[in-house]
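Asks: This structure is in structure tokens; I'll ask about it shortly.
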Amino acid sequence: MLTFSHQISDGRGALLAVHDLVALLAGRTRRARTVSDAQEDHVQLLPSAETPSDGLPADEEAPRPAAVRPVDAASPMIDVAELDEVTTGLLRAAARANDSTVQGVLCAAAALEMLEGSPQGQVLINVPLDLRPLLGLDDAVVNRFVATTVMLSATAEGDLWSLARRASTQLRSARARAAESVAMLASLPPGDAAAAEAAMLAATAADLEISNLGVSVDEGSDVPAIWGPTMTTQVRGERILGVLTHGDRLRLTLTTHEQVGTLVAGIVRRLTSAI
């Protein structure tokens with residue numbers, strides 16, 4: 001298990017470190033890397049959004065404020081699941097056929113599972129967006145992401161694929177506004193610890209976070225499985241679902257200080273029943 005402070009790396013950078021470690025243990029060499037430029041410098045290369053937007057659908061509410069949980073020695077609870085190679089391939093194909101992405105259908109399945117039997121009318125899902133593909137960058141053990149909130153409501157036509165398309169549309173819009181989002185964050189440096197805490201709580205105010213690192217590709221690696229990312233914060237009610245595909249198997253890892261329940265199993269059930 002490799003652990004990082006989030007000031008040091010995001011999940012994609014941590015995955016690079018995993019591959020580097022495996023390569024070194026196998027006797028292979030890795031190229032030396034220079035110190036990476038600051039994210040604020042890279043964002044100047046991104047195209048500006050055509051029209052400013054707060055990112056919230058017009059009929060949706062702003063995220064609810066989060067709160068800090070008491071400091072204690074309680075270990076987080078972890079729940080896991082995986083899809084086999086055939087099911088993972090079918091999920092990718094079904095997402096493409098339904099004008100969605102795998103991340104979009106994961107958001108939809110999670111929202112339906114959390115809304116079932118719940119009095120709440122919508123689910124807020126925090127989604128980190130990797131900036132590397134937008135900037136044409138290699139992986140690096142640094143932070144290269146912004147976050148957005150996907151909001152999905154319970155409606156009569158809210159079946160899995162309609163919600164998946166809605167989530168995917170919100171994610172595409174957020175990626176198009178990535179430069180705007182990073183510039184806004186850079187223009188609001190916290191003045192003290194209280195302001196920094198408030199900024200973090202505002203950024204993590206969601207019912208669930210889904211951090212998807214995509215496909216783990218490392219030529220020559222004979223590691224049978226990689227799980228992650230996992231993350232724990234000091235935010236009350238945190239639920240963080242790490243998603244990673246390695247060896248053509250999609251793996252889910254839920255980290256939380258709340259009761260785990262059947263969330264992960266329910267997401268898998270909804271995914272498999274839809275394909």
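As shown in the structure tokens, the chain order sets the letters A, B, ...; within each chain, residues go from 1, and ligands are also counted from 1 in the order they appear.
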List the neighbours of Glu197 (chain A) out to 12 Å using only C-alpha atoms; skip same-chain residues closer than 3 positions along the sequence, and give me the result as a list in words.

Replies: Pro65, Ala66, Ala67, Val68, Pro189, Pro190, Gly191, Asp192, Ala193, Ala194, Met200, Leu201, Ala202, Ala203, Thr204, Thr233, Gln234 and Val235 of chain A

Asks: Which neighbours of region 254-268 of chain A fall inside 7 Å, counting only C-alpha atoms, when residues of the same chain fewer than 5 positions from it are skipped, and could you give them as a CSV table (one decimal) with N, CA and C atoms, in the first residue's frame?

Replies:
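Contents of the output file result_33.csv:
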chain,number,residue,atom,x,y,z
A,76,PRO,N,-11.2,3.8,8.9
A,76,PRO,CA,-12.3,3.8,7.9
A,76,PRO,C,-12.7,2.4,7.6
A,77,MET,N,-14.0,2.2,7.2
A,77,MET,CA,-14.5,1.0,6.7
A,77,MET,C,-14.3,0.9,5.2
A,78,ILE,N,-14.0,-0.3,4.7
A,78,ILE,CA,-13.7,-0.4,3.3
A,78,ILE,C,-14.6,-1.5,2.7
A,79,ASP,N,-15.2,-1.3,1.6
A,79,ASP,CA,-16.0,-2.3,0.9
A,79,ASP,C,-15.5,-2.4,-0.6
A,80,VAL,N,-15.4,-3.5,-1.2
A,80,VAL,CA,-14.8,-3.7,-2.5
A,80,VAL,C,-15.7,-4.6,-3.4
A,81,ALA,N,-15.5,-4.4,-4.7
A,81,ALA,CA,-16.2,-5.3,-5.6
A,81,ALA,C,-15.4,-5.2,-6.9
A,109,ALA,N,-25.6,4.8,-11.6
A,109,ALA,CA,-25.9,3.6,-10.7
A,109,ALA,C,-25.8,4.0,-9.2
A,110,ALA,N,-24.8,4.8,-8.9
A,110,ALA,CA,-24.7,5.2,-7.5
A,110,ALA,C,-25.9,6.0,-7.0
A,113,GLU,N,-29.0,4.0,-6.5
A,113,GLU,CA,-28.9,3.1,-5.3
A,113,GLU,C,-29.1,4.0,-4.1
A,230,THR,N,-8.0,4.8,-2.9
A,230,THR,CA,-8.7,5.0,-1.7
A,230,THR,C,-8.4,6.3,-1.0
A,231,MET,N,-9.3,6.9,-0.3
A,231,MET,CA,-9.0,8.2,0.3
A,231,MET,C,-9.8,8.4,1.5
A,232,THR,N,-9.3,9.0,2.5
A,232,THR,CA,-10.1,9.3,3.7
A,232,THR,C,-9.9,10.8,4.1
A,237,GLY,N,-19.6,12.2,7.2
A,237,GLY,CA,-20.4,11.5,6.2
A,237,GLY,C,-19.7,11.2,4.9
A,238,GLU,N,-18.4,11.2,4.9
A,238,GLU,CA,-17.7,11.0,3.6
A,238,GLU,C,-18.0,9.6,3.1
A,239,ARG,N,-18.1,9.5,1.8
A,239,ARG,CA,-18.2,8.2,1.1
A,239,ARG,C,-17.4,8.4,-0.2
A,240,ILE,N,-16.2,7.7,-0.3
A,240,ILE,CA,-15.3,7.9,-1.5
A,240,ILE,C,-15.2,6.6,-2.2
A,241,LEU,N,-15.6,6.6,-3.4
A,241,LEU,CA,-15.5,5.4,-4.2
A,241,LEU,C,-14.4,5.5,-5.2
A,242,GLY,N,-13.4,4.7,-5.0
A,242,GLY,CA,-12.2,4.7,-5.9
A,242,GLY,C,-12.5,3.6,-7.0

Asks: Just checking: using only C-alpha atoms, which residue out of A:Leu171, A:Leu137, A:Val243, A:Ala147 ends up closest to Gly104 (chain A)?

Replies: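 When distances to Gly104 (chain A) are compared using only C-alpha atoms, the smallest one comes from A:Leu171.
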
Asks: With only C-alpha atoms as the basis for distance, which of A:Ala38, A:Leu244, A:Ala94, A:Val150 is at the shortest distance from Pro128 (chain A)?

Replies: A:Val150

Asks: Given the choices A:Asp10, A:Glu85, A:Asp248, A:Asp222, which gets closest to Ala26 (chain A) if the distance is worked out from only C-alpha atoms?

Replies: A:Asp222

Asks: Got a sec: who's within 10 Å of Gln170 (chain A), counting only C-alpha atoms, leaving out chain neighbours fewer than 4 positions off, as a VMD selection string?

Replies: chain A and resid 55 to 57 104 148 to 152 164 to 166 174 to 176

Asks: Those same residues - C-alpha atoms - I'd like them written as a short mmCIF file (atom, residue, chain, number, x, y, z; two decimals), in the first residue's frame.

Replies:
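Output below, filename again_16.cif:
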data_model
loop_
_atom_site.label_atom_id
_atom_site.label_comp_id
_atom_site.auth_asym_id
_atom_site.auth_seq_id
_atom_site.Cartn_x
_atom_site.Cartn_y
_atom_site.Cartn_z
CA GLY A 55 -21.66 24.66 -13.40
CA LEU A 56 -25.03 24.04 -11.72
CA PRO A 57 -28.05 23.00 -13.76
CA GLY A 104 -21.37 8.65 -16.22
CA THR A 148 -16.92 19.16 -10.35
CA THR A 149 -20.24 18.12 -8.84
CA VAL A 150 -22.65 15.92 -10.77
CA MET A 151 -26.25 16.41 -9.65
CA LEU A 152 -28.82 13.75 -10.43
CA ALA A 164 -25.94 8.24 -17.22
CA ARG A 165 -26.37 10.53 -20.24
CA ARG A 166 -27.19 13.44 -17.96
CA ALA A 174 -17.08 20.65 -16.68
CA ARG A 175 -14.08 19.53 -18.75
CA ALA A 176 -14.80 22.32 -21.23
#

Asks: Please identify the strand (DSSP E or B) residues within region 151-274 of chain A (assignment by DSSP from backbone atoms) and present them as a ChimeraX atom specification.

Replies: /A:151-153,208-216,235,239-246,249-256

Asks: Between A:Ser181, A:Thr88, A:Ser221, A:Asn126, which has the minimum distance to Gln39 (chain A) (counting only C-alpha atoms)?

Replies: A:Ser181

Asks: Choose the residue, out of A:Thr87, A:Ser153, A:Asn98, A:Gln7, that has the smallest atom-to-atom separation from Pro119 (chain A); count only C-alpha atoms.

Replies: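 That would be A:Ser153, the residue with the smallest distance to Pro119 (chain A).
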
Asks: Measure the distance from CA of Leu115 (chain A) to CA of Asp207 (chain A) in Å and round it to one decimal.

Replies: 10.7 Å

Asks: Could you pull out all residues of region 81-248 of chain A with a DSSP call of alpha helix (DSSP H) and give them as a PyMOL selection string?

Replies: chain A and resi 85-97+102-115+132-135+160-176+178-186+193-203
